[in-house]
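Colleague: File follows, protein_15.cif with mmCIF, C-alpha atoms:
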data_work
#
loop_
_atom_site.label_atom_id
_atom_site.label_comp_id
_atom_site.auth_asym_id
_atom_site.auth_seq_id
_atom_site.Cartn_x
_atom_site.Cartn_y
_atom_site.Cartn_z
CA MET A 18 -12.86 8.68 14.43
CA LYS A 19 -10.98 8.53 17.72
CA LYS A 20 -8.28 5.99 18.47
CA ASN A 21 -10.40 4.07 20.97
CA GLU A 22 -13.33 3.81 18.58
CA PHE A 23 -10.99 2.59 15.88
CA LEU A 24 -9.44 -0.06 18.10
CA SER A 25 -12.72 -1.36 19.46
CA GLU A 26 -14.18 -1.60 15.97
CA LEU A 27 -11.10 -3.45 14.76
CA ARG A 28 -11.33 -5.78 17.75
CA GLU A 29 -14.99 -6.37 16.95
CA ARG A 30 -14.20 -7.28 13.35
CA LEU A 31 -11.41 -9.63 14.34
CA THR A 32 -13.27 -11.54 17.04
CA GLY A 33 -12.61 -15.23 16.85
CA LEU A 34 -8.91 -14.82 16.18
CA SER A 35 -6.65 -16.24 18.84
CA GLU A 36 -5.83 -13.83 21.66
CA ALA A 37 -2.18 -13.66 20.57
CA ASP A 38 -3.03 -12.85 16.94
CA LEU A 39 -5.63 -10.30 17.99
CA ASN A 40 -3.35 -8.49 20.42
CA ARG A 41 -0.49 -8.47 17.98
CA SER A 42 -2.65 -6.74 15.37
CA LEU A 43 -4.13 -4.27 17.84
CA ASP A 44 -0.70 -3.44 19.30
CA TYR A 45 0.65 -2.79 15.86
CA TYR A 46 -2.09 -0.34 14.93
CA THR A 47 -2.04 1.31 18.36
CA GLU A 48 1.66 1.96 17.95
CA MET A 49 1.13 3.33 14.46
CA ILE A 50 -1.48 5.81 15.62
CA ASP A 51 0.53 6.80 18.71
CA ASP A 52 3.65 7.43 16.64
CA ARG A 53 1.68 9.61 14.23
CA MET A 54 0.19 11.63 17.07
CA GLU A 55 3.64 12.05 18.58
CA ASP A 56 4.69 13.41 15.19
CA GLY A 57 2.13 16.20 15.67
CA ILE A 58 -0.72 14.80 13.63
CA PRO A 59 -4.16 15.31 15.28
CA GLU A 60 -5.84 12.15 16.57
CA ASP A 61 -8.64 12.02 13.99
CA GLU A 62 -6.22 12.50 11.14
CA ALA A 63 -3.76 9.95 12.50
CA VAL A 64 -6.53 7.35 12.68
CA ALA A 65 -7.76 8.20 9.19
CA GLU A 66 -4.27 7.88 7.73
CA VAL A 67 -3.87 4.38 9.11
CA GLY A 68 -7.02 3.20 7.29
CA THR A 69 -10.53 2.02 8.05
CA PRO A 70 -11.05 -0.94 10.41
CA ALA A 71 -13.11 -2.74 7.73
CA VAL A 72 -10.30 -2.71 5.17
CA ILE A 73 -7.62 -3.50 7.73
CA ALA A 74 -9.58 -6.41 9.17
CA GLU A 75 -10.15 -7.90 5.72
CA GLU A 76 -6.45 -7.53 4.95
CA ILE A 77 -5.49 -9.33 8.14
CA LEU A 78 -8.01 -12.12 7.61
CA LYS A 79 -6.93 -12.58 4.01
CA GLU A 80 -3.34 -13.18 5.10
CA MET A 81 -4.39 -15.88 7.57
CA PRO A 82 -3.92 -19.50 6.54
CA LEU A 83 -7.29 -21.03 5.65
CA ALA A 84 -7.29 -23.52 8.52
CA LYS A 85 -6.65 -20.82 11.11
CA LEU A 86 -9.25 -18.57 9.53
CA MET A 87 -11.95 -21.24 9.62
CA LYS A 88 -11.20 -22.05 13.21
CA ALA A 89 -11.49 -18.37 14.04
CA ARG A 90 -14.75 -17.85 12.15
CA VAL A 91 -16.43 -21.03 13.32
CA LYS A 92 -15.73 -20.35 16.96
CA PRO A 93 -18.92 -19.04 18.59
CA LYS A 94 -18.79 -15.58 20.10
CA ARG A 95 -20.55 -16.52 23.28
CA LYS A 96 -20.92 -19.68 25.28
CA MET A 97 -23.58 -21.94 23.79
CA THR A 98 -26.51 -22.95 25.92
CA VAL A 99 -27.18 -26.63 26.65
CA TRP A 100 -30.10 -26.63 24.25
CA GLU A 101 -28.01 -25.24 21.46
CA VAL A 102 -25.46 -27.97 21.97
CA VAL A 103 -28.17 -30.63 22.00
CA LEU A 104 -29.69 -29.21 18.83
CA LEU A 105 -26.30 -29.02 17.21
CA VAL A 106 -25.62 -32.67 17.96
CA LEU A 107 -29.11 -33.84 16.95
CA GLY A 108 -28.94 -31.78 13.79
CA SER A 109 -25.52 -33.08 12.82
CA PRO A 110 -26.87 -35.52 10.20
CA LEU A 111 -28.28 -32.47 8.47
CA TRP A 112 -25.62 -29.78 8.75
CA LEU A 113 -22.71 -32.17 8.62
CA SER A 114 -23.87 -33.66 5.34
CA LEU A 115 -24.59 -30.19 3.97
CA LEU A 116 -21.10 -29.09 4.91
CA ILE A 117 -19.55 -32.17 3.34
CA THR A 118 -21.59 -31.59 0.19
CA LEU A 119 -20.35 -28.02 0.00
CA PHE A 120 -16.77 -29.11 0.36
CA ALA A 121 -17.25 -31.89 -2.17
CA ALA A 122 -18.74 -29.41 -4.62
CA VAL A 123 -15.79 -27.05 -4.33
CA LEU A 124 -13.33 -29.94 -4.52
CA SER A 125 -15.01 -31.39 -7.62
CA LEU A 126 -14.91 -27.98 -9.27
CA TYR A 127 -11.22 -27.88 -8.59
CA ILE A 128 -10.66 -31.41 -9.88
CA ALA A 129 -12.74 -30.73 -12.99
CA LEU A 130 -10.64 -27.68 -13.70
CA TRP A 131 -7.42 -29.64 -13.57
CA SER A 132 -8.82 -32.59 -15.53
CA VAL A 133 -9.37 -30.25 -18.46
CA VAL A 134 -5.78 -29.11 -18.19
CA ILE A 135 -4.44 -32.66 -17.91
CA SER A 136 -6.48 -33.92 -20.84
CA LEU A 137 -5.29 -31.03 -22.99
CA TRP A 138 -1.69 -31.89 -22.21
CA ALA A 139 -2.46 -35.55 -22.96
CA VAL A 140 -3.68 -34.56 -26.43
CA GLU A 141 -0.54 -32.49 -26.82
CA LEU A 142 1.62 -35.46 -25.85
CA ALA A 143 -0.28 -37.73 -28.25
CA LEU A 144 0.31 -35.27 -31.08
CA ALA A 145 4.01 -35.17 -30.28
CA GLY A 146 4.04 -38.96 -30.27
CA THR A 147 2.28 -39.09 -33.64
CA ALA A 148 4.81 -36.67 -35.10
CA LEU A 149 7.67 -38.85 -33.89
CA VAL A 150 6.09 -42.03 -35.25
CA GLY A 151 5.49 -40.32 -38.60
CA VAL A 152 9.19 -39.57 -38.97
CA VAL A 153 10.34 -43.02 -37.86
CA ALA A 154 7.72 -44.73 -40.03
CA LEU A 155 9.15 -43.43 -43.31
CA PRO A 156 12.43 -45.41 -43.34
CA VAL A 157 10.66 -48.48 -41.93
CA SER A 158 8.06 -48.35 -44.69
CA LEU A 159 10.77 -47.82 -47.29
CA ILE A 160 12.59 -50.93 -46.13
CA GLN A 161 9.34 -52.85 -46.30
CA GLY A 162 8.88 -51.53 -49.84
CA ASN A 163 5.72 -49.63 -49.07
CA VAL A 164 6.65 -46.18 -50.32
CA TRP A 165 3.17 -44.62 -50.43
CA ALA A 166 2.26 -45.67 -46.93
CA GLY A 167 5.55 -44.21 -45.72
CA ILE A 168 4.86 -40.87 -47.36
CA ALA A 169 1.31 -40.82 -46.02
CA LEU A 170 2.61 -41.53 -42.51
CA LEU A 171 5.25 -38.82 -42.83
CA GLY A 172 2.57 -36.38 -43.96
CA ALA A 173 0.42 -37.28 -40.98
CA GLY A 174 3.45 -36.89 -38.75
CA ILE A 175 4.25 -33.44 -40.08
CA PHE A 176 0.63 -32.43 -39.71
CA ALA A 177 0.66 -33.65 -36.10
CA ALA A 178 3.92 -31.80 -35.43
CA GLY A 179 2.37 -28.59 -36.70
CA LEU A 180 -0.72 -29.04 -34.55
CA CYS A 181 1.50 -29.93 -31.61
CA MET A 182 3.49 -26.70 -31.82
CA PHE A 183 0.34 -24.74 -32.27
CA GLY A 184 -1.39 -26.50 -29.40
CA PHE A 185 1.55 -26.06 -27.06
CA TYR A 186 0.89 -22.36 -26.64
CA GLY A 187 -2.81 -23.02 -26.18
CA CYS A 188 -2.06 -25.55 -23.45
CA LEU A 189 0.34 -23.18 -21.74
CA TYR A 190 -2.27 -20.47 -21.82
CA VAL A 191 -4.98 -22.73 -20.41
CA THR A 192 -2.68 -23.99 -17.65
CA LYS A 193 -1.87 -20.46 -16.59
CA GLY A 194 -5.57 -19.64 -16.64
CA ALA A 195 -6.34 -22.70 -14.54
CA CYS A 196 -3.73 -21.69 -11.96
CA LEU A 197 -5.32 -18.28 -11.72
CA LEU A 198 -8.82 -19.69 -11.54
CA GLY A 199 -7.76 -22.16 -8.87
CA LYS A 200 -6.32 -19.33 -6.82
CA LYS A 201 -9.50 -17.32 -7.27
CA LEU A 202 -11.60 -20.28 -6.17
CA PHE A 203 -9.48 -20.63 -3.06
CA LEU A 204 -9.76 -16.93 -2.34
CA PHE A 205 -13.51 -17.14 -2.89
CA VAL A 206 -13.84 -19.82 -0.23
CA LYS A 207 -11.76 -17.70 2.11
CA ARG A 208 -13.88 -14.66 1.31
CA CYS A 209 -17.05 -16.58 2.16
CA PHE A 210 -15.77 -16.86 5.70
CA ILE A 211 -14.74 -13.23 5.88
CA ARG A 212 -17.92 -11.90 4.28
CA LYS A 213 -20.18 -13.84 6.57
CA GLU A 214 -18.70 -11.80 9.35
CA ALA A 215 -19.08 -8.45 7.63
CA VAL A 216 -22.78 -8.95 6.89
CA ARG A 217 -23.72 -9.82 10.41
CA MET B 16 3.32 -3.27 -11.47
CA ASP B 17 2.99 -7.03 -11.26
CA ILE B 18 1.74 -7.85 -7.74
CA GLN B 19 4.08 -10.78 -7.11
CA LEU B 20 7.07 -8.75 -8.25
CA LYS B 21 6.14 -5.75 -6.12
CA ARG B 22 5.57 -7.94 -3.10
CA GLY B 23 9.07 -9.39 -3.34
CA LEU B 24 10.53 -5.94 -3.85
CA LEU B 25 8.76 -4.51 -0.80
CA ASP B 26 10.18 -7.31 1.34
CA VAL B 27 13.69 -6.24 0.40
CA CYS B 28 12.83 -2.55 0.87
CA VAL B 29 11.71 -3.19 4.44
CA LEU B 30 14.89 -5.13 5.13
CA ALA B 31 16.91 -2.24 3.70
CA ALA B 32 15.05 0.19 5.99
CA ILE B 33 16.33 -1.64 9.08
CA LYS B 34 19.71 -2.63 7.65
CA ASP B 35 21.83 0.06 9.33
CA GLU B 36 19.98 0.41 12.61
CA ASP B 37 16.90 -1.01 14.27
CA SER B 38 13.71 0.78 13.37
CA TYR B 39 9.99 0.78 14.15
CA GLY B 40 6.88 0.64 12.00
CA TYR B 41 6.13 4.31 11.46
CA GLN B 42 9.79 5.15 10.91
CA ILE B 43 10.06 2.42 8.27
CA ILE B 44 7.09 3.85 6.40
CA LYS B 45 8.51 7.37 6.62
CA ASP B 46 11.95 6.26 5.42
CA MET B 47 10.49 4.42 2.46
CA LYS B 48 8.07 7.17 1.48
CA PRO B 49 10.36 9.18 -0.86
CA TYR B 50 11.03 5.97 -2.81
CA VAL B 51 7.95 3.81 -2.51
CA GLU B 52 4.60 4.43 -0.81
CA ILE B 53 3.58 1.67 1.57
CA SER B 54 0.54 1.59 3.84
CA GLU B 55 0.29 0.24 7.38
CA SER B 56 -1.91 -2.61 6.29
CA THR B 57 0.60 -3.61 3.62
CA LEU B 58 3.57 -3.38 5.96
CA TYR B 59 1.98 -5.50 8.67
CA PRO B 60 1.88 -8.84 6.82
CA ILE B 61 5.36 -8.18 5.40
CA LEU B 62 6.82 -7.76 8.88
CA ARG B 63 5.05 -10.91 10.03
CA ARG B 64 6.33 -12.83 7.05
CA LEU B 65 9.91 -11.60 7.46
CA GLU B 66 9.81 -12.46 11.15
CA GLY B 67 8.48 -15.93 10.33
CA ALA B 68 11.29 -16.46 7.84
CA GLU B 69 13.81 -15.29 10.49
CA LEU B 70 15.02 -12.44 8.31
CA LEU B 71 14.35 -10.07 11.20
CA THR B 72 13.66 -10.21 14.93
CA VAL B 73 11.31 -8.09 17.02
CA ARG B 74 11.87 -6.62 20.44
CA ASN B 75 9.75 -4.39 22.63
CA ALA B 76 11.34 -1.22 23.95
CA GLU B 77 9.86 1.48 26.09
CA HIS B 78 9.29 4.83 24.50
CA ASN B 79 7.51 7.73 26.21
CA GLY B 80 5.80 5.44 28.66
CA ARG B 81 4.51 2.98 26.10
CA LEU B 82 5.92 -0.02 24.30
CA ARG B 83 7.19 0.22 20.80
CA LYS B 84 8.25 -2.67 18.61
CA TYR B 85 11.72 -2.42 17.14
CA TYR B 86 12.77 -4.56 14.22
CA HIS B 87 16.30 -5.89 13.97
CA ILE B 88 17.79 -7.47 10.85
CA THR B 89 19.36 -10.94 11.15
CA PRO B 90 22.38 -12.25 9.20
CA LEU B 91 19.84 -14.11 7.06
CA GLY B 92 18.13 -10.79 6.30
CA LEU B 93 21.42 -9.19 5.31
CA ALA B 94 22.12 -12.17 3.07
CA ARG B 95 18.73 -11.65 1.42
CA ILE B 96 19.68 -8.07 0.53
CA GLU B 97 22.96 -9.26 -1.02
CA GLU B 98 21.04 -11.91 -2.95
CA PHE B 99 18.70 -9.23 -4.23
CA LYS B 100 21.63 -7.12 -5.47
CA GLU B 101 22.91 -10.08 -7.46
CA GLU B 102 19.47 -10.79 -8.90
CA TRP B 103 19.16 -7.16 -9.83
CA LYS B 104 22.32 -7.23 -11.95
CA GLU B 105 20.76 -9.99 -13.99
CA LEU B 106 17.53 -8.02 -14.33
CA LEU B 107 19.45 -4.93 -15.39
CA SER B 108 21.15 -6.77 -18.22
CA ILE B 109 17.75 -8.07 -19.33
CA TYR B 110 16.42 -4.51 -19.21
CA GLU B 111 19.35 -3.34 -21.29
CA PHE B 112 18.59 -5.97 -23.92
CA VAL B 113 14.88 -5.13 -23.98
CA THR B 114 15.40 -1.39 -24.40
CA LYS B 115 18.32 -1.59 -26.84
CA GLU B 116 17.72 -0.09 -30.30
CA GLY B 117 18.38 -2.54 -33.11
CA VAL B 118 19.37 -5.91 -31.71
CA ARG B 119 21.57 -6.87 -34.66
CA ASN B 120 23.38 -3.61 -35.39
CA GLU B 121 26.76 -4.63 -34.01
CA GLU B 122 26.91 -7.92 -35.88
CA GLU B 123 26.44 -6.39 -39.31
#
Will you turn the file into structure tokens for me?

Modeller:
Amino acid sequence: MKKNEFLSELRERLTGLSEADLNRSLDYYTEMIDDRMEDGIPEDEAVAEVGTPAVIAEEILKEMPLAKLMKARVKPKRKMTVWEVVLLVLGSPLWLSLLITLFAAVLSLYIALWSVVISLWAVELALAGTALVGVVALPVSLIQGNVWAGIALLGAGIFAAGLCMFGFYGCLYVTKGACLLGKKLFLFVKRCFIRKEAVR
Amino acid sequence: MDIQLKRGLLDVCVLAAIKDEDSYGYQIIKDMKPYVEISESTLYPILRRLEGAELLTVRNAEHNGRLRKYYHITPLGLARIEEFKEEWKELLSIYEFVTKEGVRNEEE
């Protein structure tokens, strides 16, 4: 592939980005190819060493903040005709609600994920509380003269303490997993915007 | 290697590559090559990020009738390298502990 082909394909794949962002990326890769060629590497090879436009474009888009990315992807590539605008406005009850539903679905997924984590930690906290009460309850029961109840409470407390320690690692594990899953979900949404472009 | 860890390390490597004198993209990659391989598409976001964090500044300079971007390290960037050296000492002592044979030998 020649340098010009490379650059125009990269430009094509990055359409929608702001002019400044686009030029910055293109300048960077132009310079990289030029410097390689100056080093005595043939043009085709220099371009190949830098990478394929598809991979580079995805890399650049992935680094973009989500808001900027959406703005870039949503921006139409050509001026819309009057009819398209009219249709867009008339159709807004349909596409707007669909869009909101989509966002709500993703958001609820995210919230559901964290509710599981929070409830697990709540159980963990409750177990810790039970363990504490079990220990405190023994002397109180002794003073009240209820020895058996005190021992039973202590037993329950120790049992809860054991479960609590055990559960702690489970909770930690799940929280880490949730963080990862959350990140993946976020990346997935981002990818939806990038992919849409690639398929076209 | 862990991605987060490597990312942080590459940031410092790029700063080190421009520490003594200003450099440009291809030169940075070439200088780093004997130690760590880095691709153009990896370097690009790092440079952007470092510029955003004011650890380096960019200037355009003419070279053979075209513009080339030169990267210059800021005092903040130099401070980051020093910070890294300190962090590394801590990591080294952890490494020493992890790889030591028989943790208790000296006590007995």

Colleague: Within 12 Å of chain A, which residues of chain B show up? Give each one with its shortest atom-to-atom distance in Å (one decimal) and the two atoms involved, counting all atoms listed in the file, rows by chain then rising residue number, as CSV.

Modeller:
residue,atom,partner,partner_atom,distance
B:Tyr39,CA,A:Met49,CA,9.2
B:Gly40,CA,A:Met49,CA,6.8
B:Tyr41,CA,A:Met49,CA,5.9
B:Gln42,CA,A:Asp52,CA,8.7
B:Ile43,CA,A:Met49,CA,10.9
B:Ile44,CA,A:Met49,CA,10.0
B:Lys45,CA,A:Arg53,CA,10.5
B:Ile53,CA,A:Val67,CA,10.9
B:Ser54,CA,A:Val67,CA,7.4
B:Glu55,CA,A:Val67,CA,6.1
B:Ser56,CA,A:Ile73,CA,6.0
B:Thr57,CA,A:Glu76,CA,8.2
B:Leu58,CA,A:Tyr45,CA,10.3
B:Tyr59,CA,A:Tyr45,CA,7.8
B:Pro60,CA,A:Glu80,CA,7.0
B:Ile61,CA,A:Glu80,CA,10.0
B:Leu62,CA,A:Tyr45,CA,10.6
B:Arg63,CA,A:Arg41,CA,10.0
B:Arg64,CA,A:Glu80,CA,9.9
B:Val73,CA,A:Arg41,CA,11.8
B:Asn75,CA,A:Asp44,CA,11.0
B:Ala76,CA,A:Glu48,CA,11.8
B:Glu77,CA,A:Glu48,CA,11.6
B:His78,CA,A:Asp52,CA,10.0
B:Asn79,CA,A:Glu55,CA,9.6
B:Gly80,CA,A:Asp51,CA,11.3
B:Arg81,CA,A:Glu48,CA,8.7
B:Leu82,CA,A:Glu48,CA,7.9
B:Arg83,CA,A:Glu48,CA,6.5
B:Lys84,CA,A:Glu48,CA,8.1
B:Tyr85,CA,A:Glu48,CA,11.0

Colleague: So which residues touch segment 86-103 of chain B within 8 Å, counting all atoms listed in the file, skipping near sequence neighbours fewer than 5 positions away, as a PyMOL selection string?

Modeller: chain B and resi 27+30-31+33-34+36-39+69-74

Colleague: Could you work out an axis-aligned box for segment 40-54 of chain B, taking every atom the file lists and adding 5 Å on each side, and report centre and edge lengths in Å to one decimal, as lines of an AutoDock Vina configuration file?

Modeller:
center_x = 6.2
center_y = 4.9
center_z = 4.6
size_x = 21.4
size_y = 18.5
size_z = 24.8

Colleague: Would you list the contacts of segment 192-202 of chain A as a ChimeraX atom specification, taking every protein, DNA or RNA residue within 9 Å and counting only C-alpha atoms, but skipping same-chain residues closer than 2 positions in sequence?

Modeller: /A:123,126-127,130-131,134-135,187-190,204-207

Colleague: Rank nothing, just name the residue among B:Asp35, B:Met47, B:Gly117, B:Cys28 nearest to Leu65 of chain B, using only C-alpha atoms.

Modeller: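 Looking at the shortest contact to Leu65 of chain B, the residue is B:Cys28.
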
Colleague: Run the PyMOL selection byres ((chain A and resi 180) around 12) against the file shown and list the residues it catches, as a list of chain:residue names.

Modeller: A:Val140, A:Glu141, A:Leu142, A:Ala143, A:Leu144, A:Ala145, A:Gly146, A:Thr147, A:Ala148, A:Ala173, A:Gly174, A:Ile175, A:Phe176, A:Ala177, A:Ala178, A:Gly179, A:Cys181, A:Met182, A:Phe183, A:Gly184, A:Phe185, A:Tyr186, A:Gly187, A:Cys188

Colleague: So what do you get for atom CA of Ser132 of chain A versus atom CA of Val191 of chain A, distance-wise?

Modeller: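 Going from atom CA of Ser132 of chain A over to atom CA of Val191 of chain A covers 11.7 Å.
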
Colleague: Give me, please, the distance in Å between atom CA of Ala65 of chain A and atom CA of Leu20 of chain B, quoted to one decimal.

Modeller: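 Value for the atom CA of Ala65 of chain A-atom CA of Leu20 of chain B distance: 28.5 Å.
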
Colleague: Counting all atoms listed in the file, which residue out of A:Ala71, A:Met54, A:Leu111, A:Asn40 sits closest to Glu26 of chain A?

Modeller: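 Nearest candidate to Glu26 of chain A out of A:Ala71, A:Met54, A:Leu111, A:Asn40: A:Ala71.
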
Colleague: Grab the atom CA of Leu31 of chain A to atom CA of Gln19 of chain B distance for me, in Å with one decimal place.

Modeller: 26.5 Å

Colleague: Step by step, work through what the PyMOL selection byres ((chain A and resi 151-153) around 6) selects in the shown file, and finish by giving those residues as a list of chain:residue names.

Modeller: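 Evaluating the PyMOL selection byres ((chain A and resi 151-153) around 6) on this file yields A:Ala148, A:Leu149, A:Val150, A:Ala154, A:Leu155, A:Leu170, A:Leu171, A:Gly174.
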
Colleague: Save out the residues we just selected, C-alpha atoms, as a PDB file, keeping the file's coordinate frame.

Modeller:
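Saved as part.pdb:
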ATOM      1  CA  ALA A 148       4.810 -36.670 -35.100  1.00  0.00           C
ATOM      2  CA  LEU A 149       7.670 -38.850 -33.890  1.00  0.00           C
ATOM      3  CA  VAL A 150       6.090 -42.030 -35.250  1.00  0.00           C
ATOM      4  CA  ALA A 154       7.720 -44.730 -40.030  1.00  0.00           C
ATOM      5  CA  LEU A 155       9.150 -43.430 -43.310  1.00  0.00           C
ATOM      6  CA  LEU A 170       2.610 -41.530 -42.510  1.00  0.00           C
ATOM      7  CA  LEU A 171       5.250 -38.820 -42.830  1.00  0.00           C
ATOM      8  CA  GLY A 174       3.450 -36.890 -38.750  1.00  0.00           C
TER       9      GLY A 174
END
